[in-house]
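Next up, upload.tsv (TSV, C-alpha atoms):
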chain	number	residue	atom	x	y	z
E	1	MET	CA	0.00	0.00	0.00
E	2	ILE	CA	1.46	3.32	-1.09
E	3	ILE	CA	0.34	6.25	1.07
E	4	ASP	CA	3.39	8.54	1.27
E	5	VAL	CA	4.45	10.12	-2.03
E	6	GLU	CA	6.40	13.14	-3.23
E	7	GLU	CA	5.18	15.15	-6.21
E	8	ASP	CA	6.18	18.60	-7.46
E	9	ARG	CA	3.22	18.89	-9.82
E	10	LEU	CA	0.06	16.91	-9.31
E	11	PHE	CA	-3.42	17.36	-10.80
E	12	VAL	CA	-6.36	16.01	-8.81
E	13	ILE	CA	-9.84	15.24	-10.13
E	14	SER	CA	-12.65	13.25	-8.60
E	15	ASP	CA	-16.16	11.97	-9.18
E	16	LEU	CA	-16.08	11.40	-12.93
E	17	HIS	CA	-18.54	8.53	-12.41
E	18	LEU	CA	-17.64	7.10	-15.82
E	19	GLY	CA	-20.43	4.76	-16.92
E	20	ASN	CA	-23.11	6.54	-14.90
E	21	PRO	CA	-26.03	7.66	-17.12
E	22	ALA	CA	-25.82	11.15	-15.59
E	23	SER	CA	-22.10	11.54	-16.28
E	24	THR	CA	-20.94	13.64	-19.21
E	25	ALA	CA	-17.29	13.26	-18.24
E	26	ALA	CA	-16.31	10.63	-20.83
E	27	ALA	CA	-15.62	13.03	-23.70
E	28	ARG	CA	-14.90	16.22	-21.75
E	29	VAL	CA	-12.17	14.80	-19.54
E	30	LEU	CA	-10.02	13.51	-22.44
E	31	PRO	CA	-8.51	16.92	-23.39
E	32	PHE	CA	-7.84	17.57	-19.69
E	33	LEU	CA	-5.93	14.28	-19.42
E	34	ASP	CA	-3.96	15.22	-22.56
E	35	HIS	CA	-3.06	18.50	-20.83
E	36	VAL	CA	-1.75	16.61	-17.78
E	37	ALA	CA	0.28	14.32	-20.05
E	38	ASP	CA	1.68	17.26	-22.07
E	39	GLU	CA	2.76	18.96	-18.83
E	40	GLY	CA	4.62	15.78	-17.78
E	41	ALA	CA	2.77	16.04	-14.47
E	42	SER	CA	1.17	13.35	-12.33
E	43	LEU	CA	-2.54	12.76	-11.84
E	44	CYS	CA	-4.61	11.63	-8.89
E	45	ILE	CA	-8.17	10.42	-9.43
E	46	ASP	CA	-9.60	11.05	-5.98
E	47	GLY	CA	-12.30	8.40	-5.97
E	48	ASP	CA	-15.41	7.53	-7.99
E	49	GLY	CA	-13.58	7.79	-11.30
E	50	PHE	CA	-15.35	4.70	-12.59
E	51	ASP	CA	-18.86	4.02	-11.38
E	52	MET	CA	-19.64	0.41	-10.54
E	53	LEU	CA	-22.85	1.02	-8.58
E	54	GLN	CA	-24.85	2.91	-11.20
E	55	THR	CA	-23.80	1.58	-14.59
E	56	SER	CA	-24.05	-1.15	-17.18
E	57	PHE	CA	-21.01	-3.04	-18.48
E	58	LYS	CA	-21.54	-1.56	-21.96
E	59	ARG	CA	-21.61	2.00	-20.61
E	60	LEU	CA	-18.56	1.40	-18.44
E	61	VAL	CA	-16.51	0.01	-21.34
E	62	ASN	CA	-17.62	2.74	-23.79
E	63	SER	CA	-16.70	5.57	-21.48
E	64	GLY	CA	-13.80	3.92	-19.65
E	65	VAL	CA	-11.56	2.62	-22.43
E	66	PRO	CA	-10.63	6.04	-23.96
E	67	VAL	CA	-9.84	7.33	-20.45
E	68	LEU	CA	-7.61	4.33	-19.73
E	69	ALA	CA	-5.67	5.10	-22.92
E	70	LYS	CA	-5.11	8.69	-21.78
E	71	LEU	CA	-3.96	7.53	-18.35
E	72	ARG	CA	-1.37	5.36	-20.12
E	73	ARG	CA	-0.24	8.48	-22.00
E	74	ILE	CA	0.36	10.26	-18.67
E	75	THR	CA	2.52	7.42	-17.35
E	76	GLY	CA	4.26	7.21	-20.74
E	77	ASN	CA	5.26	10.87	-20.42
E	78	GLY	CA	6.88	10.29	-17.04
E	79	GLY	CA	3.98	11.14	-14.74
E	80	ARG	CA	2.42	8.82	-12.22
E	81	VAL	CA	-1.27	8.06	-11.91
E	82	TYR	CA	-2.68	7.58	-8.44
E	83	TYR	CA	-6.15	6.20	-7.88
E	84	VAL	CA	-7.68	6.85	-4.48
E	85	VAL	CA	-10.58	4.48	-4.00
E	86	GLY	CA	-14.05	5.96	-3.45
E	87	ASN	CA	-17.39	4.39	-2.57
E	88	HIS	CA	-18.58	3.84	-6.16
E	89	ASP	CA	-15.45	1.99	-7.35
E	90	LEU	CA	-14.41	-0.25	-4.43
E	91	VAL	CA	-14.86	-3.44	-6.42
E	92	LEU	CA	-12.66	-2.18	-9.26
E	93	GLU	CA	-9.55	-2.04	-7.10
E	94	HIS	CA	-7.94	-5.24	-8.40
E	95	PHE	CA	-9.09	-4.67	-11.98
E	96	LEU	CA	-7.56	-1.19	-12.20
E	97	ASP	CA	-4.42	-2.34	-10.45
E	98	SER	CA	-3.91	-5.09	-13.02
E	99	VAL	CA	-4.75	-3.24	-16.26
E	100	LEU	CA	-2.94	0.00	-15.59
E	101	THR	CA	0.40	1.21	-14.38
E	102	LEU	CA	-1.15	3.14	-11.55
E	103	ASP	CA	-0.91	3.27	-7.80
E	104	MET	CA	-4.07	2.31	-5.95
E	105	SER	CA	-4.38	3.74	-2.47
E	106	PRO	CA	-7.02	4.31	0.23
E	107	PHE	CA	-5.63	7.85	0.67
E	108	LEU	CA	-2.44	9.77	-0.10
E	109	ASN	CA	-0.09	11.88	2.00
E	110	VAL	CA	1.62	14.05	-0.60
E	111	ARG	CA	4.80	15.97	0.15
E	112	SER	CA	5.01	18.81	-2.39
E	113	GLY	CA	7.49	21.60	-1.83
E	114	ASP	CA	7.31	22.36	1.88
E	115	ALA	CA	3.67	21.35	2.16
E	116	LEU	CA	2.12	18.14	3.41
E	117	ILE	CA	-1.19	17.46	1.68
E	118	ARG	CA	-3.78	14.77	2.45
E	119	ILE	CA	-5.84	13.51	-0.49
E	120	GLU	CA	-8.80	11.33	0.37
E	121	HIS	CA	-12.18	10.67	-1.22
E	122	GLY	CA	-14.03	11.67	1.97
E	123	HIS	CA	-16.87	9.12	2.03
E	124	LEU	CA	-15.64	7.68	5.36
E	125	TYR	CA	-16.80	10.87	7.08
E	126	ASP	CA	-20.22	10.97	5.40
E	127	PRO	CA	-22.56	10.24	8.36
E	128	PHE	CA	-24.98	8.25	6.17
E	129	PHE	CA	-22.20	6.05	4.75
E	130	ALA	CA	-20.48	5.63	8.14
E	131	ARG	CA	-23.62	4.68	10.08
E	132	TYR	CA	-25.56	2.68	7.49
E	133	PRO	CA	-23.15	1.42	4.79
E	134	ASP	CA	-25.52	-1.29	3.53
E	135	LEU	CA	-28.49	1.07	3.35
E	136	TYR	CA	-26.28	3.63	1.63
E	137	GLU	CA	-25.31	1.10	-1.04
E	138	LEU	CA	-28.92	0.04	-1.51
E	139	ALA	CA	-30.05	3.67	-1.84
E	140	THR	CA	-27.27	4.27	-4.38
E	141	HIS	CA	-28.41	1.26	-6.45
E	142	VAL	CA	-32.02	2.47	-6.38
E	143	ALA	CA	-30.93	5.97	-7.40
E	144	GLY	CA	-28.96	4.35	-10.23
E	145	LEU	CA	-32.12	2.67	-11.56
E	146	VAL	CA	-33.88	6.05	-11.55
E	147	LEU	CA	-30.95	7.60	-13.40
E	148	PHE	CA	-31.25	4.93	-16.11
E	149	LEU	CA	-34.89	5.98	-16.61
E	150	LYS	CA	-34.17	9.69	-16.61
E	151	ALA	CA	-30.57	10.90	-16.28
E	152	ASP	CA	-31.69	14.51	-15.83
E	153	ILE	CA	-32.98	13.61	-12.37
E	154	TYR	CA	-29.40	14.22	-11.23
E	155	ARG	CA	-29.94	17.94	-11.89
E	156	ALA	CA	-32.97	17.96	-9.56
E	157	TRP	CA	-31.03	16.03	-6.93
E	158	THR	CA	-28.18	18.55	-6.98
E	159	PHE	CA	-30.70	21.41	-6.70
E	160	PHE	CA	-32.19	20.01	-3.48
E	161	ALA	CA	-28.79	18.93	-2.14
E	162	ASP	CA	-27.50	22.49	-2.66
E	163	LYS	CA	-30.50	23.93	-0.81
E	164	ALA	CA	-29.96	21.56	2.14
E	165	ASP	CA	-26.26	22.47	2.14
E	166	GLN	CA	-27.09	26.20	2.23
E	167	ARG	CA	-29.44	25.69	5.19
E	168	ARG	CA	-26.75	23.71	7.04
E	169	ARG	CA	-24.17	26.41	6.43
E	170	ALA	CA	-26.58	29.12	7.58
E	171	ARG	CA	-27.22	27.21	10.82
E	172	ALA	CA	-23.45	26.79	11.37
E	173	GLY	CA	-22.98	30.58	11.17
E	174	GLU	CA	-19.41	31.64	11.96
E	175	ASP	CA	-18.31	28.11	12.92
E	176	ILE	CA	-16.85	26.96	9.62
E	177	THR	CA	-16.01	23.50	11.02
E	178	ALA	CA	-19.74	22.84	11.59
E	179	ALA	CA	-20.80	23.88	8.07
E	180	SER	CA	-20.53	20.30	6.77
E	181	TYR	CA	-19.11	16.94	7.81
E	182	CYS	CA	-16.30	17.51	5.31
E	183	HIS	CA	-15.27	20.71	7.04
E	184	GLY	CA	-15.22	18.97	10.43
E	185	ALA	CA	-13.21	16.03	9.05
E	186	ALA	CA	-10.79	18.34	7.23
E	187	GLU	CA	-10.15	20.34	10.41
E	188	MET	CA	-9.47	17.10	12.31
E	189	LEU	CA	-6.90	16.01	9.69
E	190	LEU	CA	-5.35	19.48	9.53
E	191	GLY	CA	-4.84	19.15	13.30
E	192	ARG	CA	-2.62	16.14	12.57
E	193	GLY	CA	-0.08	18.31	10.75
E	194	PHE	CA	-1.41	18.47	7.18
E	195	ASP	CA	-1.28	21.89	5.53
E	196	THR	CA	-4.09	21.12	3.09
E	197	VAL	CA	-6.79	18.46	2.90
E	198	VAL	CA	-8.31	17.54	-0.49
E	199	PHE	CA	-11.59	15.61	-0.65
E	200	GLY	CA	-14.07	14.65	-3.36
E	201	HIS	CA	-17.37	12.78	-2.77
E	202	THR	CA	-19.70	15.77	-2.14
E	203	HIS	CA	-19.50	17.01	-5.78
E	204	ASN	CA	-19.26	20.56	-4.35
E	205	ALA	CA	-16.07	22.27	-5.51
E	206	GLU	CA	-14.81	24.58	-2.79
E	207	HIS	CA	-11.63	26.13	-1.41
E	208	VAL	CA	-12.05	27.01	2.27
E	209	GLN	CA	-9.66	28.54	4.77
E	210	MET	CA	-10.13	26.53	7.96
E	211	PRO	CA	-8.74	27.47	11.41
E	212	SER	CA	-5.83	24.99	11.04
E	213	GLY	CA	-5.17	25.06	7.28
E	214	THR	CA	-6.89	24.76	3.93
E	215	TYR	CA	-9.68	22.47	2.78
E	216	VAL	CA	-10.28	21.94	-0.94
E	217	ASN	CA	-12.91	19.83	-2.65
E	218	CYS	CA	-12.30	18.76	-6.27
E	219	GLY	CA	-15.98	18.98	-7.21
E	220	ASN	CA	-17.08	16.62	-9.98
E	221	TRP	CA	-17.02	15.85	-13.71
E	222	LEU	CA	-20.55	14.48	-13.95
E	223	ARG	CA	-21.65	17.92	-15.14
E	224	GLY	CA	-18.81	20.02	-13.70
E	225	HIS	CA	-15.22	20.44	-14.83
E	226	THR	CA	-13.18	21.47	-11.79
E	227	TYR	CA	-9.80	20.19	-10.73
E	228	VAL	CA	-7.12	20.83	-8.12
E	229	GLU	CA	-3.61	21.73	-9.22
E	230	ILE	CA	-0.74	21.22	-6.78
E	231	ASP	CA	2.42	23.00	-7.82
E	232	HIS	CA	5.41	22.79	-5.45
E	233	GLY	CA	3.11	22.92	-2.42
E	234	ASP	CA	0.70	25.57	-3.73
E	235	VAL	CA	-2.82	24.21	-4.00
E	236	ALA	CA	-5.35	25.85	-6.33
E	237	LEU	CA	-8.90	24.94	-7.30
E	238	LYS	CA	-9.37	25.56	-11.02
E	239	VAL	CA	-12.00	25.24	-13.73
E	240	TRP	CA	-11.09	23.36	-16.92
E	241	SER	CA	-12.14	25.56	-19.82
E	242	ALA	CA	-10.40	24.24	-22.94
C	1	MET	CA	4.57	23.60	21.91
C	2	ALA	CA	8.13	22.40	22.60
C	3	GLU	CA	11.24	24.55	22.11
C	4	ALA	CA	14.38	23.21	20.39
C	5	GLY	CA	16.27	20.94	22.77
C	6	GLU	CA	13.27	20.36	25.03
C	7	VAL	CA	12.90	16.79	26.25
C	8	ILE	CA	9.47	15.35	25.48
C	9	PHE	CA	10.24	12.12	27.32
C	10	ARG	CA	13.17	9.98	28.42
C	11	GLN	CA	13.82	6.27	28.02
C	12	GLY	CA	12.27	4.51	31.03
C	13	ASP	CA	9.67	7.21	31.76
C	14	GLU	CA	6.27	5.88	32.77
C	15	ALA	CA	3.65	7.30	30.40
C	16	VAL	CA	0.74	6.29	28.21
C	17	ASP	CA	0.42	9.18	25.74
C	18	MET	CA	1.45	9.30	22.11
C	19	PHE	CA	2.23	12.36	20.02
C	20	VAL	CA	1.59	13.57	16.47
C	21	ILE	CA	3.96	16.22	15.09
C	22	GLN	CA	1.89	19.14	13.78
C	23	SER	CA	5.00	21.13	12.83
C	24	GLY	CA	8.73	20.96	13.54
C	25	ALA	CA	10.95	17.90	14.15
C	26	ILE	CA	11.69	15.39	16.88
C	27	GLU	CA	14.84	13.33	17.37
C	28	ILE	CA	14.40	9.83	18.75
C	29	SER	CA	17.52	8.45	20.42
C	30	ARG	CA	18.47	5.38	22.47
C	31	GLY	CA	21.38	4.21	24.57
C	32	VAL	CA	23.42	5.51	27.48
C	33	ALA	CA	26.15	8.19	27.49
C	34	ALA	CA	28.73	7.45	24.75
C	35	ASP	CA	26.56	4.71	23.26
C	36	ARG	CA	23.65	7.09	22.73
C	37	GLY	CA	22.61	7.37	19.09
C	38	VAL	CA	19.86	9.07	17.13
C	39	ILE	CA	17.75	6.34	15.57
C	40	ALA	CA	15.24	8.56	13.77
C	41	THR	CA	14.40	12.17	13.05
C	42	LEU	CA	10.66	12.60	12.63
C	43	GLY	CA	8.87	15.49	10.94
C	44	GLN	CA	5.46	17.02	10.25
C	45	GLY	CA	2.67	14.42	10.28
C	46	ASP	CA	4.81	11.68	11.90
C	47	PHE	CA	3.95	10.24	15.28
C	48	PHE	CA	5.86	8.71	18.18
C	49	GLY	CA	5.31	7.33	21.67
C	50	GLU	CA	2.67	4.86	20.48
C	51	MET	CA	4.48	1.83	22.00
C	52	SER	CA	3.88	3.06	25.55
C	53	LEU	CA	0.29	3.91	24.72
C	54	LEU	CA	-0.43	0.50	23.21
C	55	GLU	CA	1.45	-1.63	25.78
C	56	SER	CA	1.34	0.54	28.95
C	57	LEU	CA	5.11	-0.01	29.29
C	58	PRO	CA	7.84	2.58	30.00
C	59	ARG	CA	9.26	4.67	27.16
C	60	ASP	CA	11.72	2.75	25.00
C	61	ALA	CA	13.70	5.79	23.78
C	62	ASP	CA	14.30	9.48	24.32
C	63	ALA	CA	12.33	12.06	22.33
C	64	ILE	CA	13.81	15.55	22.07
C	65	ALA	CA	12.59	18.51	20.01
C	66	ALA	CA	15.11	19.23	17.23
C	67	THR	CA	13.38	22.54	16.38
C	68	ARG	CA	10.43	24.49	17.75
C	69	THR	CA	7.76	21.82	17.54
C	70	GLU	CA	3.98	21.70	17.87
C	71	LEU	CA	2.60	18.41	19.12
C	72	LEU	CA	-0.83	16.86	19.32
C	73	VAL	CA	-1.10	14.65	22.43
C	74	ILE	CA	-3.27	11.54	22.17
C	75	THR	CA	-4.30	9.64	25.29
C	76	GLN	CA	-5.50	6.01	25.45
C	77	GLY	CA	-9.17	7.03	25.54
C	78	GLY	CA	-8.49	9.74	22.97
C	79	LEU	CA	-7.01	7.16	20.58
C	80	LEU	CA	-10.25	5.17	20.50
C	81	ILE	CA	-12.28	8.29	19.75
C	82	ARG	CA	-9.80	9.34	17.07
C	83	LEU	CA	-9.90	5.92	15.39
C	84	ARG	CA	-13.70	6.13	15.34
C	85	ARG	CA	-13.70	9.59	13.78
C	86	ASP	CA	-10.49	9.31	11.72
C	87	PRO	CA	-10.19	5.67	10.55
C	88	THR	CA	-7.22	6.42	8.30
C	89	PHE	CA	-5.14	7.13	11.43
C	90	ALA	CA	-5.15	3.40	12.23
C	91	VAL	CA	-3.94	2.55	8.71
C	92	GLU	CA	-1.14	5.09	9.03
C	93	MET	CA	-0.10	3.67	12.42
C	94	LEU	CA	-0.04	0.12	11.02
C	95	HIS	CA	1.86	1.32	7.95
C	96	ARG	CA	4.56	2.99	10.06
C	97	LEU	CA	4.80	0.08	12.54
C	98	SER	CA	5.12	-2.36	9.63
C	99	GLY	CA	7.93	-0.21	8.21
C	100	ARG	CA	9.74	-0.26	11.54
C	101	ILE	CA	9.46	-4.08	11.82
C	102	ARG	CA	10.78	-4.43	8.27
C	103	ALA	CA	13.74	-2.15	9.11
C	104	LEU	CA	14.49	-4.17	12.26
C	105	ASN	CA	14.32	-7.43	10.31
C	106	GLN	CA	16.78	-5.99	7.81
C	107	GLN	CA	19.14	-4.98	10.65
C	108	LEU	CA	18.89	-8.51	12.09
C	109	ASP	CA	19.70	-10.00	8.67
C	110	GLU	CA	22.68	-7.71	8.26
C	111	GLY	CA	23.83	-8.51	11.84
C	112	GLY	CA	23.55	-12.22	11.12
C	113	ARG	CA	25.65	-11.96	7.96
C	114	ALA	CA	28.38	-9.84	9.69
Let me see the structure of the file written as structure tokens.
Amino acid sequence: MIIDVEEDRLFVISDLHLGNPASTAAARVLPFLDHVADEGASLCIDGDGFDMLQTSFKRLVNSGVPVLAKLRRITGNGGRVYYVVGNHDLVLEHFLDSVLTLDMSPFLNVRSGDALIRIEHGHLYDPFFARYPDLYELATHVAGLVLFLKADIYRAWTFFADKADQRRRARAGEDITAASYCHGAAEMLLGRGFDTVVFGHTHNAEHVQMPSGTYVNCGNWLRGHTYVEIDHGDVALKVWSA
Amino acid sequence: MAEAGEVIFRQGDEAVDMFVIQSGAIEISRGVAADRGVIATLGQGDFFGEMSLLESLPRDADAIAATRTELLVITQGGLLIRLRRDPTFAVEMLHRLSGRIRALNQQLDEGGRA
């Protein structure tokens, strides 16, 4: 298990959900991966890159194979590809490990410049996943069936999820650590000596200054196109616009 | 917060806390007088003192701040709560302990060949 790595330049993306009917990442992410390869940088897919809970084999192959080719291009140009396992791709661990030259990991501690950065998918801190993992998986499967009937339902789901998130943040007020479970978890990890914590999972791209450091969420590529760029310890949340 | 040169604990001290280095560096050393030697220098994010916490036995080495160092102290009860809230901490502890066993095995092999 590789958890401690050193990288000067590392791009981080998460939640592509390749194969999911609601995901539009398959075509849009390819130029981004070319960019990473051209830069000679490394890439970390911070969980839920491939979706095994809400997909069909045909969809997964159609959207996954071109991405796998691009990942090979990154490693061919001298970069490394790290794959941090999320909750939608747990069962793919051995498959990905065997077909690609990539490093599978449950989380990464990245030393870049003078900074120590934790990269983790973040689902372990999701109260629903932590308390009721079986129910969570069942609910995800059911939601997947609905997405097969009407993929646009994802847009409605994000609308209501955003509203709930806004209410939670309003209740938290000035206490940024109480604004979401991710903020609380990030602050706990920052207290262990990390300068920056990078999560995915929530699909909400954000860059937040916490009391003990910085919390960044990669967002998603289902409909979004955000990524995190780590350059000699500097961590920036960016929007891919090519 | 520990200043450079400050002793965090000495070999043989009775204690049951472990420490996580939030910033700075700690030197771990063992031995007596002329035989004393630094066996590791630990930095940001590393931890030490876990053997006493896990086994309730006296400290096995000295720990001295090499620079101004911020430490997070974890007690026995605190460890359980941390593992519940921060499950990756257990994986990191096992990872580091496994690395130390591997290093010791290598030293034994080299000692056997000498």
Atom CA of E:Phe129 and atom CA of E:Gly173 are how many Å apart? 25.4 Å
Per residue of chain E within 9 Å of chain C, what are the shortest atom pair and its distance in Å to one decimal, counting all atoms listed in the file, with rows by chain and residue number, as a tab-separated table?
residue	atom	partner	partner_atom	distance
E:Met1	CA	C:His95	CA	8.3
E:Ile3	CA	C:Glu92	CA	8.2
E:Pro106	CA	C:Thr88	CA	8.3
E:Phe107	CA	C:Thr88	CA	7.9
E:Leu116	CA	C:Gln44	CA	7.7
E:Leu124	CA	C:Pro87	CA	7.8
E:Tyr125	CA	C:Arg85	CA	7.5
E:Ala185	CA	C:Asp86	CA	7.7
E:Met188	CA	C:Asp86	CA	7.9
E:Leu189	CA	C:Asp86	CA	7.9
E:Leu190	CA	C:Gln22	CA	8.4
E:Gly191	CA	C:Gln22	CA	6.7
E:Arg192	CA	C:Gln22	CA	5.6
E:Gly193	CA	C:Gln22	CA	3.7
E:Phe194	CA	C:Gly45	CA	6.5
What is the distance between atom CA of E:Gly213 and atom CA of E:Val5, in Å to one decimal?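 Answer for the atom CA of E:Gly213 to atom CA of E:Val5 separation: 20.1 Å.
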Compile the contact shell of C:Arg30 as a CSV table (one decimal) with C-alpha atoms, keeping the file's coordinate frame: residues with an atom at most 6 Å away, counting only C-alpha atoms, same-chain residues fewer than 2 positions apart removed.
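around36.csv written:
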chain,number,residue,atom,x,y,z
C,36,ARG,CA,23.6,7.1,22.7
C,37,GLY,CA,22.6,7.4,19.1
C,61,ALA,CA,13.7,5.8,23.8
Considering only C-alpha atoms, return as a compact mmCIF listing (two decimals) with C-alpha atoms, in the coordinates of the input whatever protein or nucleic-acid residues lie within 12 Å of stretch 162-172 of chain E, sequence-local ones (same chain, fewer than 4 positions apart) excluded.
# COMPACT_ATOMS: atom_id res chain seq x y z
CA ARG E 155 -29.94 17.94 -11.89
CA ALA E 156 -32.97 17.96 -9.56
CA TRP E 157 -31.03 16.03 -6.93
CA THR E 158 -28.18 18.55 -6.98
CA ILE E 176 -16.85 26.96 9.62
CA THR E 177 -16.01 23.50 11.02
CA ALA E 178 -19.74 22.84 11.59
CA ALA E 179 -20.80 23.88 8.07
CA SER E 180 -20.53 20.30 6.77
CA TYR E 181 -19.11 16.94 7.81
CA CYS E 182 -16.30 17.51 5.31
CA HIS E 183 -15.27 20.71 7.04
CA GLY E 184 -15.22 18.97 10.43
CA THR E 202 -19.70 15.77 -2.14
CA HIS E 203 -19.50 17.01 -5.78
CA ASN E 204 -19.26 20.56 -4.35
CA ALA E 205 -16.07 22.27 -5.51
Give me the residues within 10 Å of E:Asn87 as a PDB file with C-alpha atoms, in the coordinates of the input, counting only C-alpha atoms and dropping any in the same chain fewer than 5 places off.
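Below you can see result_2.pdb, which holds the result:
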ATOM      1  CA  GLY E  47     -12.300   8.400  -5.970  1.00  0.00           C
ATOM      2  CA  ASP E  48     -15.410   7.530  -7.990  1.00  0.00           C
ATOM      3  CA  ASP E  51     -18.860   4.020 -11.380  1.00  0.00           C
ATOM      4  CA  MET E  52     -19.640   0.410 -10.540  1.00  0.00           C
ATOM      5  CA  LEU E  53     -22.850   1.020  -8.580  1.00  0.00           C
ATOM      6  CA  HIS E 121     -12.180  10.670  -1.220  1.00  0.00           C
ATOM      7  CA  GLY E 122     -14.030  11.670   1.970  1.00  0.00           C
ATOM      8  CA  HIS E 123     -16.870   9.120   2.030  1.00  0.00           C
ATOM      9  CA  LEU E 124     -15.640   7.680   5.360  1.00  0.00           C
ATOM     10  CA  PHE E 129     -22.200   6.050   4.750  1.00  0.00           C
ATOM     11  CA  PRO E 133     -23.150   1.420   4.790  1.00  0.00           C
ATOM     12  CA  TYR E 136     -26.280   3.630   1.630  1.00  0.00           C
ATOM     13  CA  GLU E 137     -25.310   1.100  -1.040  1.00  0.00           C
ATOM     14  CA  HIS E 201     -17.370  12.780  -2.770  1.00  0.00           C
TER      15      HIS E 201
END
For atom CA of C:Ala63 and atom CA of E:Ile117, quote the distance in Å rounded to one decimal.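 It comes out at 25.3 Å.
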If you count all atoms listed in the file, which residues fall within 12 Å of E:His35, apart from same-chain ones fewer than 3 positions away, as a PDB file with C-alpha atoms, in the frame of the given file?
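Wrote out-v7.pdb, looks like this:
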ATOM      1  CA  PHE E  11      -3.420  17.360 -10.800  1.00  0.00           C
ATOM      2  CA  VAL E  29     -12.170  14.800 -19.540  1.00  0.00           C
ATOM      3  CA  LEU E  30     -10.020  13.510 -22.440  1.00  0.00           C
ATOM      4  CA  PRO E  31      -8.510  16.920 -23.390  1.00  0.00           C
ATOM      5  CA  PHE E  32      -7.840  17.570 -19.690  1.00  0.00           C
ATOM      6  CA  ASP E  38       1.680  17.260 -22.070  1.00  0.00           C
ATOM      7  CA  GLU E  39       2.760  18.960 -18.830  1.00  0.00           C
ATOM      8  CA  GLY E  40       4.620  15.780 -17.780  1.00  0.00           C
ATOM      9  CA  ALA E  41       2.770  16.040 -14.470  1.00  0.00           C
ATOM     10  CA  SER E  42       1.170  13.350 -12.330  1.00  0.00           C
ATOM     11  CA  LEU E  43      -2.540  12.760 -11.840  1.00  0.00           C
ATOM     12  CA  LYS E  70      -5.110   8.690 -21.780  1.00  0.00           C
ATOM     13  CA  LEU E  71      -3.960   7.530 -18.350  1.00  0.00           C
ATOM     14  CA  ARG E  73      -0.240   8.480 -22.000  1.00  0.00           C
ATOM     15  CA  ILE E  74       0.360  10.260 -18.670  1.00  0.00           C
ATOM     16  CA  ASN E  77       5.260  10.870 -20.420  1.00  0.00           C
ATOM     17  CA  GLY E  79       3.980  11.140 -14.740  1.00  0.00           C
ATOM     18  CA  TRP E 240     -11.090  23.360 -16.920  1.00  0.00           C
ATOM     19  CA  SER E 241     -12.140  25.560 -19.820  1.00  0.00           C
ATOM     20  CA  ALA E 242     -10.400  24.240 -22.940  1.00  0.00           C
TER      21      ALA E 242
END
Please identify all polymer residues within 7 Å of E:Ile45, counting all atoms listed in the file, omitting same-chain residues fewer than 6 positions from it, and present them as a PyMOL selection string. chain E and resi 12-14+82-84
Let me see the file: selected residues, C-alpha atoms, as an mmCIF file, in the coordinates of the input.
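Written output follows (again12.cif):
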data_model
loop_
_atom_site.group_PDB
_atom_site.id
_atom_site.type_symbol
_atom_site.label_atom_id
_atom_site.label_comp_id
_atom_site.auth_asym_id
_atom_site.auth_seq_id
_atom_site.Cartn_x
_atom_site.Cartn_y
_atom_site.Cartn_z
ATOM 1 C CA VAL E 12 -6.360 16.010 -8.810
ATOM 2 C CA ILE E 13 -9.840 15.240 -10.130
ATOM 3 C CA SER E 14 -12.650 13.250 -8.600
ATOM 4 C CA TYR E 82 -2.680 7.580 -8.440
ATOM 5 C CA TYR E 83 -6.150 6.200 -7.880
ATOM 6 C CA VAL E 84 -7.680 6.850 -4.480
#
For each of C:Gly49, C:Gly12, C:Gly77, C:Gly111, take the minimum atom-to-atom distance to C:Ile28, counting all atoms listed in the file, then give the residue where this is smallest. C:Gly49
So, with only C-alpha atoms as the atoms that count, which of E:Asp15, E:Leu138, E:Leu149, E:Ala26 lies closest to E:Val85?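 Of all the options, E:Asp15 lies closest to E:Val85.
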C:Ala15, C:Ile26, C:Ala65, C:Met1 ranked by distance to C:Leu53, top pick (using all atoms listed in the file):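 Answer, going by the shortest atom-to-atom distance: C:Ala15.
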Might I get the box with edges along x, y and z of the file that holds all atoms of stretch 1-7 of chain C listed there, padded by 3 Å on every side, given as centre and edge lengths in Å to one decimal, as JSON?
{"center_x": 10.4, "center_y": 20.7, "center_z": 23.3, "size_x": 17.7, "size_y": 13.8, "size_z": 11.9}
For C:Arg10, the closest of C:Asp62, C:Leu104, C:Ser56, C:Leu42 counting only C-alpha atoms is C:Asp62
Kindly write N, CA and C atoms of stretch 226-232 of chain E from the structure just given to a file, as a short mmCIF file (atom, residue, chain, number, x, y, z; two decimals), in the first residue's frame.
data_model
loop_
_atom_site.label_atom_id
_atom_site.label_comp_id
_atom_site.auth_asym_id
_atom_site.auth_seq_id
_atom_site.Cartn_x
_atom_site.Cartn_y
_atom_site.Cartn_z
N THR E 226 -14.15 20.85 -12.69
CA THR E 226 -13.18 21.47 -11.79
C THR E 226 -12.08 20.48 -11.44
N TYR E 227 -10.93 21.04 -11.12
CA TYR E 227 -9.80 20.19 -10.73
C TYR E 227 -8.91 20.95 -9.75
N VAL E 228 -8.07 20.23 -9.05
CA VAL E 228 -7.12 20.83 -8.12
C VAL E 228 -5.73 20.69 -8.72
N GLU E 229 -4.99 21.78 -8.73
CA GLU E 229 -3.61 21.73 -9.22
C GLU E 229 -2.66 22.00 -8.06
N ILE E 230 -1.76 21.07 -7.83
CA ILE E 230 -0.74 21.22 -6.78
C ILE E 230 0.59 21.48 -7.47
N ASP E 231 1.18 22.61 -7.15
CA ASP E 231 2.42 23.00 -7.82
C ASP E 231 3.43 23.41 -6.74
N HIS E 232 4.38 22.54 -6.46
CA HIS E 232 5.41 22.79 -5.45
C HIS E 232 4.79 23.27 -4.13
#
